[in-house]
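Shown next: input_8.cif, given as mmCIF, C-alpha atoms and all ligand atoms.
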```cif
data_target
#
loop_
_atom_site.label_atom_id
_atom_site.label_comp_id
_atom_site.auth_asym_id
_atom_site.auth_seq_id
_atom_site.Cartn_x
_atom_site.Cartn_y
_atom_site.Cartn_z
CA MET O 1 22.55 -77.78 -88.44
CA ARG O 2 21.79 -76.78 -84.85
CA THR O 3 18.97 -78.70 -83.17
CA GLU O 4 19.47 -78.04 -79.42
CA ARG O 5 16.01 -76.59 -78.90
CA SER O 6 14.22 -79.32 -80.82
CA ILE O 7 16.15 -81.90 -78.80
CA ARG O 8 15.12 -80.23 -75.56
CA PHE O 9 11.48 -79.98 -76.60
CA PHE O 10 11.45 -83.62 -77.69
CA GLU O 11 12.82 -84.77 -74.32
CA GLU O 12 10.08 -82.80 -72.61
CA ALA O 13 7.39 -84.02 -75.03
CA ARG O 14 8.31 -87.67 -74.52
CA LYS O 15 7.62 -87.31 -70.80
CA ARG O 16 4.10 -86.15 -71.59
CA MET O 17 2.98 -87.81 -74.83
CA PRO O 18 3.51 -91.32 -76.27
CA GLY O 19 6.61 -91.08 -78.41
CA GLY O 20 6.58 -87.33 -77.83
CA VAL O 21 4.17 -86.72 -80.70
CA SER O 22 0.47 -86.38 -81.49
CA SER O 23 0.68 -88.62 -84.57
CA PRO O 24 3.23 -91.41 -85.06
CA VAL O 25 4.79 -90.88 -88.47
CA ARG O 26 6.02 -87.38 -87.60
CA ALA O 27 8.31 -88.84 -84.91
CA PHE O 28 11.04 -89.48 -87.55
CA LYS O 29 11.40 -93.05 -86.23
CA ALA O 30 11.78 -94.55 -89.69
CA VAL O 31 14.52 -92.14 -90.76
CA GLY O 32 16.48 -91.95 -87.52
CA GLY O 33 17.24 -88.72 -85.75
CA GLN O 34 14.48 -86.90 -83.98
CA PRO O 35 11.63 -84.64 -85.04
CA LEU O 36 12.15 -80.94 -85.50
CA PHE O 37 9.75 -78.70 -83.64
CA ILE O 38 8.29 -76.19 -86.04
CA LYS O 39 7.92 -72.58 -85.08
CA ARG O 40 6.38 -71.01 -88.16
CA GLY O 41 5.60 -71.46 -91.81
CA LYS O 42 5.24 -68.98 -94.65
CA GLY O 43 4.66 -69.85 -98.29
CA SER O 44 6.83 -72.79 -99.33
CA HIS O 45 9.02 -72.63 -96.22
CA ILE O 46 8.90 -73.72 -92.60
CA GLU O 47 11.26 -72.71 -89.82
CA ASP O 48 12.08 -74.77 -86.74
CA VAL O 49 12.64 -73.62 -83.16
CA ASP O 50 16.42 -73.51 -83.74
CA GLY O 51 16.01 -71.10 -86.63
CA ASN O 52 16.65 -73.61 -89.46
CA ARG O 53 14.62 -72.90 -92.60
CA PHE O 54 13.41 -75.57 -94.98
CA ILE O 55 11.60 -75.82 -98.29
CA ASP O 56 8.59 -77.84 -97.18
CA TYR O 57 7.30 -80.78 -99.23
CA VAL O 58 5.19 -82.23 -96.40
CA LEU O 59 2.77 -79.27 -96.33
CA SER O 60 0.99 -80.71 -93.29
CA TRP O 61 0.67 -83.99 -95.27
CA GLY O 62 -1.21 -82.28 -98.05
CA PRO O 63 -3.62 -79.55 -96.93
CA MET O 64 -1.44 -76.47 -97.53
CA ILE O 65 -1.89 -76.38 -101.30
CA MET O 66 -1.65 -72.57 -101.31
CA GLY O 67 1.42 -72.60 -99.05
CA HIS O 68 1.69 -71.78 -95.35
CA ALA O 69 -0.09 -68.79 -93.83
CA HIS O 70 -1.67 -67.61 -97.08
CA PRO O 71 -2.87 -64.06 -96.30
CA LYS O 72 -6.42 -64.70 -97.52
CA VAL O 73 -6.78 -67.89 -95.50
CA VAL O 74 -5.29 -66.33 -92.36
CA ALA O 75 -7.55 -63.28 -92.70
CA SER O 76 -10.66 -65.45 -93.07
CA ILE O 77 -9.80 -67.43 -89.92
CA ALA O 78 -9.10 -64.23 -87.99
CA LYS O 79 -12.35 -62.65 -89.15
CA ALA O 80 -14.40 -65.72 -88.25
CA SER O 81 -12.78 -65.99 -84.81
CA LEU O 82 -13.92 -62.48 -83.88
CA SER O 83 -17.51 -63.69 -84.12
CA GLY O 84 -17.00 -66.72 -81.87
CA THR O 85 -15.13 -69.97 -82.39
CA SER O 86 -17.74 -72.71 -81.95
CA PHE O 87 -21.47 -72.87 -81.39
CA GLY O 88 -22.50 -76.50 -81.82
CA ALA O 89 -25.26 -75.05 -83.98
CA PRO O 90 -25.55 -74.48 -87.72
CA THR O 91 -23.85 -71.51 -89.42
CA SER O 92 -24.19 -70.34 -93.02
CA LEU O 93 -20.47 -71.07 -93.51
CA GLU O 94 -21.29 -74.78 -93.76
CA ILE O 95 -23.60 -74.07 -96.70
CA LYS O 96 -20.89 -72.03 -98.42
CA LEU O 97 -18.24 -74.73 -98.05
CA ALA O 98 -20.70 -77.44 -99.11
CA GLN O 99 -21.48 -75.39 -102.25
CA ALA O 100 -17.78 -74.98 -103.06
CA ILE O 101 -17.25 -78.72 -102.65
CA GLN O 102 -20.29 -79.62 -104.74
CA MET O 103 -19.12 -77.39 -107.61
CA ALA O 104 -16.04 -79.60 -107.89
CA PHE O 105 -17.61 -82.90 -106.75
CA PRO O 106 -21.14 -82.91 -108.22
CA LEU O 107 -21.74 -86.50 -107.09
CA MET O 108 -21.65 -85.29 -103.48
CA GLU O 109 -25.25 -84.07 -103.62
CA ARG O 110 -25.34 -84.10 -99.84
CA VAL O 111 -22.27 -83.52 -97.67
CA ARG O 112 -21.75 -84.26 -93.97
CA PHE O 113 -18.87 -82.37 -92.34
CA VAL O 114 -16.71 -84.14 -89.77
CA ASN O 115 -13.35 -83.32 -88.18
CA SER O 116 -10.88 -85.59 -89.96
CA GLY O 117 -10.39 -88.02 -92.81
CA THR O 118 -10.63 -90.90 -90.34
CA GLU O 119 -14.12 -89.81 -89.31
CA ALA O 120 -15.13 -89.44 -92.95
CA THR O 121 -14.08 -92.96 -93.99
CA MET O 122 -15.42 -94.75 -90.91
CA SER O 123 -18.75 -92.96 -91.28
CA ALA O 124 -18.96 -93.74 -94.99
CA ILE O 125 -18.39 -97.41 -94.21
CA ARG O 126 -21.08 -97.40 -91.53
CA LEU O 127 -23.46 -95.90 -94.08
CA ALA O 128 -22.50 -98.49 -96.70
CA ARG O 129 -23.07 -101.32 -94.22
CA ALA O 130 -26.42 -99.89 -93.21
CA VAL O 131 -27.82 -99.40 -96.71
CA THR O 132 -26.66 -102.77 -98.02
CA GLY O 133 -27.35 -104.73 -94.82
CA ARG O 134 -23.96 -106.43 -95.32
CA ASN O 135 -20.89 -106.45 -93.06
CA LYS O 136 -17.89 -107.22 -95.25
CA ILE O 137 -15.78 -104.53 -96.81
CA ILE O 138 -12.94 -104.69 -99.32
CA LYS O 139 -9.84 -102.55 -98.98
CA PHE O 140 -6.47 -102.69 -100.70
CA GLU O 141 -3.05 -103.50 -99.24
CA GLY O 142 -1.09 -100.40 -98.35
CA CYS O 143 -4.06 -98.06 -98.67
CA TYR O 144 -4.60 -96.08 -95.50
CA HIS O 145 -8.04 -94.78 -94.63
CA GLY O 146 -7.38 -93.41 -91.18
CA HIS O 147 -7.26 -95.32 -87.93
CA ALA O 148 -10.77 -96.75 -87.46
CA ASP O 149 -10.70 -100.41 -86.34
CA SER O 150 -12.02 -102.02 -89.54
CA LEU O 151 -9.49 -100.14 -91.63
CA LEU O 152 -6.25 -100.88 -89.79
CA VAL O 153 -5.69 -104.07 -91.74
CA ARG O 154 -2.66 -104.15 -94.08
CA ALA O 155 -2.75 -100.38 -93.66
CA GLY O 156 -0.21 -97.98 -95.16
CA SER O 157 1.15 -94.66 -93.87
CA GLY O 158 2.58 -94.69 -90.32
CA ALA O 159 1.22 -98.21 -89.75
CA THR O 160 3.48 -99.54 -92.50
CA THR O 161 6.32 -97.14 -91.70
CA LEU O 162 6.43 -98.44 -88.13
CA GLY O 163 5.85 -102.08 -89.12
CA ILE O 164 2.35 -102.38 -87.62
CA PRO O 165 0.03 -102.60 -90.66
CA ASP O 166 -2.35 -104.74 -88.56
CA SER O 167 -2.66 -102.69 -85.41
CA GLY O 168 -2.90 -104.11 -81.93
CA GLY O 169 -6.30 -103.66 -80.31
CA VAL O 170 -8.39 -104.36 -83.41
CA PRO O 171 -10.96 -107.05 -82.50
CA PRO O 172 -10.42 -110.09 -84.79
CA VAL O 173 -14.13 -110.11 -85.56
CA LEU O 174 -13.80 -106.67 -87.16
CA ALA O 175 -10.60 -107.48 -89.04
CA HIS O 176 -12.32 -110.66 -90.25
CA ASP O 177 -14.92 -108.60 -92.11
CA THR O 178 -12.22 -106.57 -93.86
CA LEU O 179 -11.16 -108.38 -97.01
CA VAL O 180 -7.82 -107.21 -98.35
CA LEU O 181 -6.63 -107.38 -101.93
CA PRO O 182 -3.59 -106.07 -103.80
CA PHE O 183 -4.06 -102.69 -105.51
CA ASN O 184 -4.06 -102.58 -109.34
CA ASP O 185 -5.20 -106.21 -109.73
CA LEU O 186 -8.74 -106.39 -111.12
CA LYS O 187 -8.67 -110.17 -111.55
CA LYS O 188 -8.36 -110.65 -107.79
CA VAL O 189 -11.32 -108.35 -107.22
CA GLU O 190 -13.38 -110.24 -109.75
CA SER O 191 -12.65 -113.66 -108.29
CA LEU O 192 -13.35 -112.51 -104.72
CA LEU O 193 -16.65 -110.98 -105.80
CA MET O 194 -17.65 -114.19 -107.58
CA LYS O 195 -17.31 -115.97 -104.22
CA GLU O 196 -18.44 -113.38 -101.68
CA GLY O 197 -19.83 -110.45 -103.67
CA ASN O 198 -23.31 -110.68 -102.14
CA GLN O 199 -21.86 -110.27 -98.63
CA VAL O 200 -19.79 -107.17 -99.42
CA ALA O 201 -21.09 -103.74 -98.44
CA CYS O 202 -18.41 -101.62 -100.09
CA VAL O 203 -15.07 -101.37 -101.77
CA ILE O 204 -13.03 -98.51 -100.32
CA VAL O 205 -10.00 -97.26 -102.23
CA GLU O 206 -7.59 -94.36 -102.38
CA PRO O 207 -7.93 -93.83 -106.14
CA VAL O 208 -4.40 -92.45 -106.19
CA PRO O 209 -2.83 -94.17 -103.20
CA GLY O 210 -0.43 -91.95 -101.31
CA ASN O 211 0.12 -93.93 -98.15
CA MET O 212 2.40 -96.65 -99.49
CA GLY O 213 4.08 -93.83 -101.31
CA THR O 214 2.32 -92.55 -104.42
CA ILE O 215 1.01 -95.28 -106.71
CA LEU O 216 -0.60 -94.66 -110.10
CA PRO O 217 -3.83 -96.49 -110.83
CA ALA O 218 -3.20 -98.70 -113.88
CA PRO O 219 -5.17 -97.65 -116.98
CA GLY O 220 -8.72 -98.98 -116.63
CA TYR O 221 -8.27 -100.08 -113.02
CA LEU O 222 -10.62 -97.59 -111.38
CA ALA O 223 -13.19 -98.01 -114.17
CA GLY O 224 -12.90 -101.76 -113.61
CA LEU O 225 -13.67 -101.37 -109.91
CA ARG O 226 -16.76 -99.38 -110.83
CA GLU O 227 -17.92 -101.99 -113.33
CA LEU O 228 -17.28 -104.96 -111.07
CA THR O 229 -19.03 -103.53 -108.00
CA LYS O 230 -22.22 -102.33 -109.73
CA PRO O 231 -23.95 -105.67 -110.45
CA PHE O 232 -23.48 -106.79 -106.83
CA GLY O 233 -24.95 -103.59 -105.41
CA ILE O 234 -21.61 -102.97 -103.68
CA LEU O 235 -20.95 -99.29 -102.94
CA LEU O 236 -17.72 -97.88 -104.31
CA ILE O 237 -16.14 -95.44 -101.85
CA PHE O 238 -13.40 -93.14 -103.09
CA ASP O 239 -11.20 -92.00 -100.24
CA GLU O 240 -10.12 -88.68 -101.74
CA VAL O 241 -8.83 -87.26 -98.47
CA MET O 242 -5.46 -86.79 -100.18
CA SER O 243 -6.40 -86.70 -103.88
CA GLY O 244 -9.44 -84.41 -103.51
CA PHE O 245 -8.65 -80.91 -104.84
CA ARG O 246 -5.07 -82.20 -105.25
CA VAL O 247 -4.80 -84.35 -108.39
CA ALA O 248 -7.51 -82.16 -110.02
CA LEU O 249 -10.10 -79.74 -108.72
CA GLY O 250 -12.63 -82.59 -108.71
CA GLY O 251 -10.04 -85.06 -107.45
CA ALA O 252 -9.34 -88.47 -108.96
CA GLN O 253 -13.00 -88.95 -109.91
CA GLU O 254 -12.70 -85.98 -112.27
CA ARG O 255 -9.20 -86.85 -113.47
CA TYR O 256 -10.11 -90.44 -114.35
CA GLY O 257 -13.83 -89.92 -115.07
CA ILE O 258 -15.22 -92.39 -112.50
CA ARG O 259 -18.50 -92.14 -110.57
CA PRO O 260 -18.09 -93.51 -107.04
CA ASP O 261 -21.15 -93.88 -104.79
CA LEU O 262 -19.56 -92.15 -101.80
CA THR O 263 -16.63 -89.76 -101.54
CA CYS O 264 -14.52 -88.95 -98.49
CA LEU O 265 -12.62 -85.68 -98.30
CA GLY O 266 -10.29 -84.03 -95.80
CA LYS O 267 -7.03 -82.08 -95.76
CA ILE O 268 -7.36 -79.36 -98.47
CA ILE O 269 -11.06 -78.69 -97.78
CA GLY O 270 -10.05 -77.45 -94.31
CA GLY O 271 -7.31 -75.14 -95.57
CA GLY O 272 -5.04 -76.41 -92.77
CA LEU O 273 -7.70 -76.64 -90.07
CA PRO O 274 -9.24 -79.97 -88.97
CA VAL O 275 -12.04 -80.89 -91.40
CA GLY O 276 -13.29 -83.99 -93.14
CA ALA O 277 -16.42 -84.66 -95.14
CA TYR O 278 -18.27 -87.51 -96.74
CA GLY O 279 -21.07 -87.42 -99.24
CA GLY O 280 -22.92 -88.98 -102.11
CA SER O 281 -26.34 -88.99 -103.70
CA ALA O 282 -29.24 -87.38 -101.86
CA SER O 283 -30.94 -90.74 -101.47
CA LEU O 284 -27.90 -92.48 -99.97
CA MET O 285 -27.12 -89.60 -97.64
CA SER O 286 -30.77 -89.45 -96.51
CA GLN O 287 -29.96 -92.54 -94.45
CA VAL O 288 -27.68 -90.45 -92.20
CA ALA O 289 -29.16 -89.10 -88.94
CA PRO O 290 -31.21 -86.99 -88.38
CA GLU O 291 -32.86 -87.90 -91.72
CA GLY O 292 -32.18 -91.60 -91.42
CA PRO O 293 -31.08 -94.33 -88.99
CA VAL O 294 -27.27 -94.18 -89.46
CA TYR O 295 -25.95 -92.30 -86.46
CA GLN O 296 -22.94 -90.03 -86.68
CA ALA O 297 -22.35 -86.75 -84.85
CA GLY O 298 -19.70 -84.30 -83.58
CA THR O 299 -19.61 -81.21 -81.36
CA LEU O 300 -16.99 -79.46 -83.47
CA SER O 301 -18.25 -80.68 -86.87
CA GLY O 302 -18.78 -77.74 -89.23
CA ASN O 303 -16.67 -75.56 -86.96
CA PRO O 304 -16.81 -71.95 -88.21
CA LEU O 305 -13.03 -71.37 -88.22
CA ALA O 306 -12.43 -74.57 -90.15
CA MET O 307 -15.25 -73.80 -92.58
CA SER O 308 -13.82 -70.32 -93.17
CA ALA O 309 -10.32 -71.63 -93.85
CA GLY O 310 -11.77 -74.16 -96.28
CA ILE O 311 -13.91 -71.59 -98.09
CA ALA O 312 -10.96 -69.23 -98.47
CA THR O 313 -8.67 -71.99 -99.73
CA LEU O 314 -11.13 -73.37 -102.26
CA SER O 315 -11.90 -69.85 -103.53
CA LEU O 316 -8.24 -69.53 -104.55
CA MET O 317 -8.21 -72.68 -106.64
CA THR O 318 -8.59 -71.92 -110.34
CA PRO O 319 -7.63 -73.81 -113.52
CA GLU O 320 -4.41 -71.73 -113.49
CA THR O 321 -3.62 -73.12 -110.03
CA TYR O 322 -3.55 -76.63 -111.45
CA GLU O 323 -1.57 -75.60 -114.54
CA TYR O 324 1.03 -74.01 -112.30
CA LEU O 325 1.17 -76.99 -109.91
CA GLU O 326 1.54 -79.37 -112.85
CA SER O 327 4.43 -77.49 -114.45
CA CYS O 328 6.22 -76.93 -111.16
CA SER O 329 5.81 -80.60 -110.15
CA ALA O 330 6.90 -81.86 -113.57
CA ALA O 331 10.03 -79.69 -113.32
CA LEU O 332 10.78 -81.15 -109.88
CA SER O 333 10.26 -84.78 -110.84
CA GLU O 334 12.25 -84.43 -114.08
CA GLY O 335 15.03 -82.62 -112.23
CA LEU O 336 15.17 -85.29 -109.51
CA ALA O 337 15.23 -88.09 -112.08
CA ASP O 338 18.06 -86.36 -113.92
CA ALA O 339 20.01 -85.74 -110.69
CA ALA O 340 19.70 -89.44 -109.80
CA ARG O 341 20.88 -90.45 -113.30
CA ARG O 342 23.90 -88.17 -113.04
CA ALA O 343 24.71 -89.56 -109.60
CA LYS O 344 24.11 -93.13 -110.87
CA ILE O 345 21.41 -93.88 -108.32
CA LYS O 346 18.41 -96.01 -109.25
CA ILE O 347 15.11 -94.45 -108.28
CA GLN O 348 11.51 -94.59 -109.44
CA ILE O 349 9.40 -91.46 -109.30
CA ASN O 350 5.63 -91.89 -109.21
CA ARG O 351 3.78 -88.63 -109.74
CA VAL O 352 0.20 -87.54 -110.29
CA GLY O 353 -0.07 -83.75 -110.51
CA SER O 354 1.50 -82.16 -107.44
CA GLN O 355 1.74 -85.40 -105.44
CA MET O 356 4.78 -87.64 -105.89
CA THR O 357 7.09 -90.17 -104.27
CA VAL O 358 10.74 -90.95 -104.93
CA PHE O 359 11.19 -94.69 -104.40
CA PHE O 360 14.65 -96.14 -103.93
CA ASN O 361 13.78 -99.11 -106.04
CA ASP O 362 15.18 -100.72 -109.20
CA HIS O 363 11.75 -101.67 -110.54
CA PRO O 364 8.45 -99.91 -111.16
CA VAL O 365 6.37 -99.50 -108.01
CA THR O 366 2.76 -100.40 -108.72
CA ASP O 367 1.41 -101.84 -105.47
CA TYR O 368 2.20 -102.56 -101.81
CA THR O 369 4.48 -105.53 -102.50
CA SER O 370 6.65 -103.58 -104.93
CA ALA O 371 6.64 -100.53 -102.62
CA LEU O 372 7.89 -102.68 -99.73
CA ARG O 373 10.84 -103.79 -101.87
CA SER O 374 12.19 -100.23 -101.76
CA ASP O 375 15.45 -99.59 -99.97
CA THR O 376 14.27 -97.77 -96.86
CA LYS O 377 17.83 -97.36 -95.56
CA GLN O 378 18.73 -95.43 -98.69
CA PHE O 379 15.59 -93.36 -98.29
CA SER O 380 16.63 -92.50 -94.72
CA ARG O 381 20.06 -91.39 -95.89
CA PHE O 382 18.47 -89.29 -98.62
CA PHE O 383 16.00 -87.78 -96.15
CA THR O 384 18.76 -86.76 -93.70
CA ARG O 385 21.00 -85.35 -96.41
CA MET O 386 18.14 -83.30 -97.82
CA LEU O 387 17.21 -82.04 -94.37
CA THR O 388 20.72 -80.81 -93.69
CA ARG O 389 20.58 -79.00 -97.06
CA GLY O 390 17.37 -77.21 -96.16
CA VAL O 391 14.74 -79.49 -97.73
CA TYR O 392 12.02 -81.00 -95.53
CA LEU O 393 10.67 -84.26 -97.01
CA PRO O 394 8.13 -86.67 -95.51
CA PRO O 395 10.05 -88.78 -92.98
CA SER O 396 9.08 -92.11 -94.54
CA GLN O 397 9.52 -93.93 -97.84
CA PHE O 398 5.80 -94.72 -97.70
CA GLU O 399 4.42 -91.19 -97.88
CA ALA O 400 4.05 -88.54 -100.58
CA PHE O 401 5.73 -85.21 -101.37
CA PHE O 402 3.31 -82.36 -102.03
CA LEU O 403 3.83 -79.03 -103.78
CA SER O 404 1.98 -75.76 -103.30
CA THR O 405 1.43 -72.69 -105.43
CA ALA O 406 3.97 -70.97 -103.15
CA HIS O 407 6.78 -73.22 -104.47
CA LYS O 408 8.71 -71.18 -107.00
CA SER O 409 11.34 -72.16 -109.55
CA ALA O 410 14.13 -71.10 -107.15
CA ASP O 411 12.79 -73.66 -104.61
CA ILE O 412 12.68 -76.35 -107.26
CA GLU O 413 16.21 -75.60 -108.48
CA LYS O 414 17.57 -75.59 -104.94
CA THR O 415 15.83 -78.91 -104.22
CA ILE O 416 17.25 -80.54 -107.36
CA GLN O 417 20.75 -79.32 -106.56
CA ALA O 418 20.42 -80.60 -102.97
CA ALA O 419 19.17 -83.95 -104.29
CA TYR O 420 22.11 -84.29 -106.66
CA LEU O 421 24.54 -83.74 -103.79
CA ALA O 422 22.51 -86.08 -101.58
CA PHE O 423 22.46 -88.84 -104.23
CA LYS O 424 26.15 -88.50 -104.95
CA GLY O 425 28.11 -91.09 -103.03
CA MET O 426 25.01 -92.77 -101.56
N1 LIG O 501 -1.64 -89.81 -91.93
C1 LIG O 501 -0.65 -88.85 -92.27
C2 LIG O 501 0.20 -89.32 -93.37
N2 LIG O 501 -0.43 -89.84 -94.51
C3 LIG O 501 0.24 -88.48 -91.13
C4 LIG O 501 -0.35 -87.48 -90.24
C5 LIG O 501 0.61 -86.85 -89.23
O1 LIG O 501 1.43 -87.54 -88.67
O2 LIG O 501 0.50 -85.67 -89.02
#
```
Go ahead and render the structure in this file as structure tokens.
Ligand code: HOZ
Amino acid sequence: MRTERSIRFFEEARKRMPGGVSSPVRAFKAVGGQPLFIKRGKGSHIEDVDGNRFIDYVLSWGPMIMGHAHPKVVASIAKASLSGTSFGAPTSLEIKLAQAIQMAFPLMERVRFVNSGTEATMSAIRLARAVTGRNKIIKFEGCYHGHADSLLVRAGSGATTLGIPDSGGVPPVLAHDTLVLPFNDLKKVESLLMKEGNQVACVIVEPVPGNMGTILPAPGYLAGLRELTKPFGILLIFDEVMSGFRVALGGAQERYGIRPDLTCLGKIIGGGLPVGAYGGSASLMSQVAPEGPVYQAGTLSGNPLAMSAGIATLSLMTPETYEYLESCSAALSEGLADAARRAKIKIQINRVGSQMTVFFNDHPVTDYTSALRSDTKQFSRFFTRMLTRGVYLPPSQFEAFFLSTAHKSADIEKTIQAAYLAFKGM
């Protein structure tokens, strides 16, 4: 595989940007080698600046559920841009996207648009602290809720990939108010709440964690969180930045039938442009400025191009979309499991709908501790072998693969065949 141009760009980029990238995990540090610079994407494929083509399972870390450069999404962005790209004033597009979100997430009676998942989660926490008058928050090991100070404690995603789950620069006083528990362990939640429940503003959780790799919530776990938090008046925040419109149209809250107080969204709702959102009941959200005292703002929030891309993307999502994604993803995970068996490699595949992770691990992966026991060296070898065979996977053991409606059975078959060859002799 030729990579001269990517190498040249990376040298140049490193002179101008920390690590040569705009976000750490894409630097390929955990898997060795160096990042490929992407020139274009279409459907299930991306192409780098050296002309290599790959079946893409990163999909911009989730948003491109209809594949790259979907004609309807591209046309809606182009059309919106002809009328101006930003006004810092309301447009009717915000109402349309809010309506589309509320159809799928009825508990989000009021929605505030922001520019990223990070903004959504940090704003939701500010709101929870304000309405409860409490400072402490509970998060779970290996869950990643963006890079706000209070949340970079035992954080997954790039923070875990690069070995900095507790980031430098986070004031100890903030980290001190973040209580961290293992995921999938209700007993620990219960005993912490018995001690400190009346000081806790919120429990924030990725209902289907994807940032320590994909983890399945144990049966009854999410319902248990709901039950345990209620009597203490603790708000339950579902960070559905990844799972929203991914694991079901109405996200994990629809799939598992849970009613969180606040929901954070991102990724898919922007159709590949920068958008986040948070929302909940009208009464809770009435505390957000300008209606209430909780301040949060943004010049580009509700940006018309991003709203248009989101509206177009959500308009394409039908029950058939999810049926297709489910069957395609099941075929991939079954094929990968079979390829590993034939090659005598031990892996665990965790999958919910069209989100999955292949763990190089002998035992089931159910939380951060078990995820960290995975063989990251083997993952790196697998990653590199897949890349050279034309398959672009997330460059970390602690991330998720995503599928889109543009992935066809030929892509899946090619991926399984590449995996078999990659597993063989590992
Ligand atoms: N937070 C993203 C992974 N879960 C990575 C974003 C990026 O590097 O682009």
Using only C-alpha atoms, find the one residue out of O:Val131, O:Leu181, O:Ile345, O:Ile234 that sits nearest to O:Thr369. O:Leu181
Within 8 Å of ligand LIG 501 (chain O), which residues show up when you count all atoms listed in the file? List them as a list in words, please.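 Residues lying within 8 Å of ligand LIG 501 (chain O): Ser22, Ser23, Pro24, Val25, Arg26, Ala27, Ser60, Trp61, Tyr144, Gly146, Ser157, Gly158, Gly210, Asn211, Glu399 and Ala400 of chain O.
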Identify, on the basis of only C-alpha atoms, every residue whose closest approach to O:Ile46 does not exceed 10 Å; exclude the query and any residue fewer than 5 positions from it along the same chain; express the result as a ChimeraX atom specification. /O:38-41,51-57,59,67-68,390-392
Neighbouring residues of stretch 377-380 of chain O were defined as those with any atom within 8 Å, considering all atoms listed in the file; residues of the same chain fewer than 5 positions away were excluded. Please report them as a CSV table (one decimal) with C-alpha atoms, in the frame of the given file.
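Final output, selection02.csv:
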```csv
chain,number,residue,atom,x,y,z
O,30,ALA,CA,11.8,-94.6,-89.7
O,31,VAL,CA,14.5,-92.1,-90.8
O,32,GLY,CA,16.5,-92.0,-87.5
O,359,PHE,CA,11.2,-94.7,-104.4
O,360,PHE,CA,14.6,-96.1,-103.9
O,395,PRO,CA,10.0,-88.8,-93.0
O,396,SER,CA,9.1,-92.1,-94.5
O,397,GLN,CA,9.5,-93.9,-97.8
O,426,MET,CA,25.0,-92.8,-101.6
```
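Shell of O:Ala100 at 10 Å, with only C-alpha atoms counted and residues fewer than 3 places along the chain excluded, is Glu94, Ile95, Lys96, Leu97, Met103, Ala104, Phe105, Ile269, Gly310, Ile311, Leu314 and Ser315 of chain O.
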Find the residue from O:Pro394, O:Leu387, O:Arg8, O:Leu262 that sits nearest to O:Thr357; use all atoms listed in the file when measuring.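 Under the stated criterion, the closest residue is O:Pro394.
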If we count only C-alpha atoms, what is near O:Gly292 at a cut-off of 12 Å, once residues fewer than 4 positions away on the same chain are taken out, given as an NGL selection string? :O and (127 or 130-131 or 282-288 or 296)
Of the residues O:Leu186, O:Leu222, O:Met1, O:Leu235, which is the one nearest to O:Gln199, using all atoms listed in the file?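 With all atoms listed in the file as the atom set, the closest residue is O:Leu235.
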Is it possible to get the axis-aligned box enclosing stretch 249-255 of chain O (all listed atoms, 4 Å extra per side) as JSON, with centre and edge lengths in Å rounded to one decimal?
```
{"center_x": -11.1, "center_y": -84.3, "center_z": -110.5, "size_x": 11.8, "size_y": 17.2, "size_z": 14.0}
```
Taking (-5.5, -74.7, -109.0) in the coordinates of the supplied file, I want to know which residues reach to within 10 Å of it, counting all atoms listed in the file; could you give the answer as a PyMOL selection string? chain O and resi 65-66+245-249+314-326+404-405
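Here atom CA of O:Leu36 stands at a distance of 22.3 Å from atom CA of O:Leu421.
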I want to know what sits within 7 Å of O:Phe402, based on all atoms listed in the file, with residues of the same chain fewer than 5 positions away left out; could you give that as a list of chain:residue names?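 My list of contacting residues is O:Tyr57, O:Val58, O:Leu59, O:Gly62, O:Ser354, O:Gln355, O:Met356.
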Nearest to O:Cys143, chosen from O:Ala13, O:Ile125, O:Leu228, O:Ala371, with only C-alpha atoms counted in the distances: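 Checking each of O:Ala13, O:Ile125, O:Leu228, O:Ala371 against O:Cys143, counting only C-alpha atoms, the winner is O:Ala371.
Atom CA of O:Tyr256 to atom CA of O:Ala223 spans 8.2 Å [interatomic distance, one decimal].
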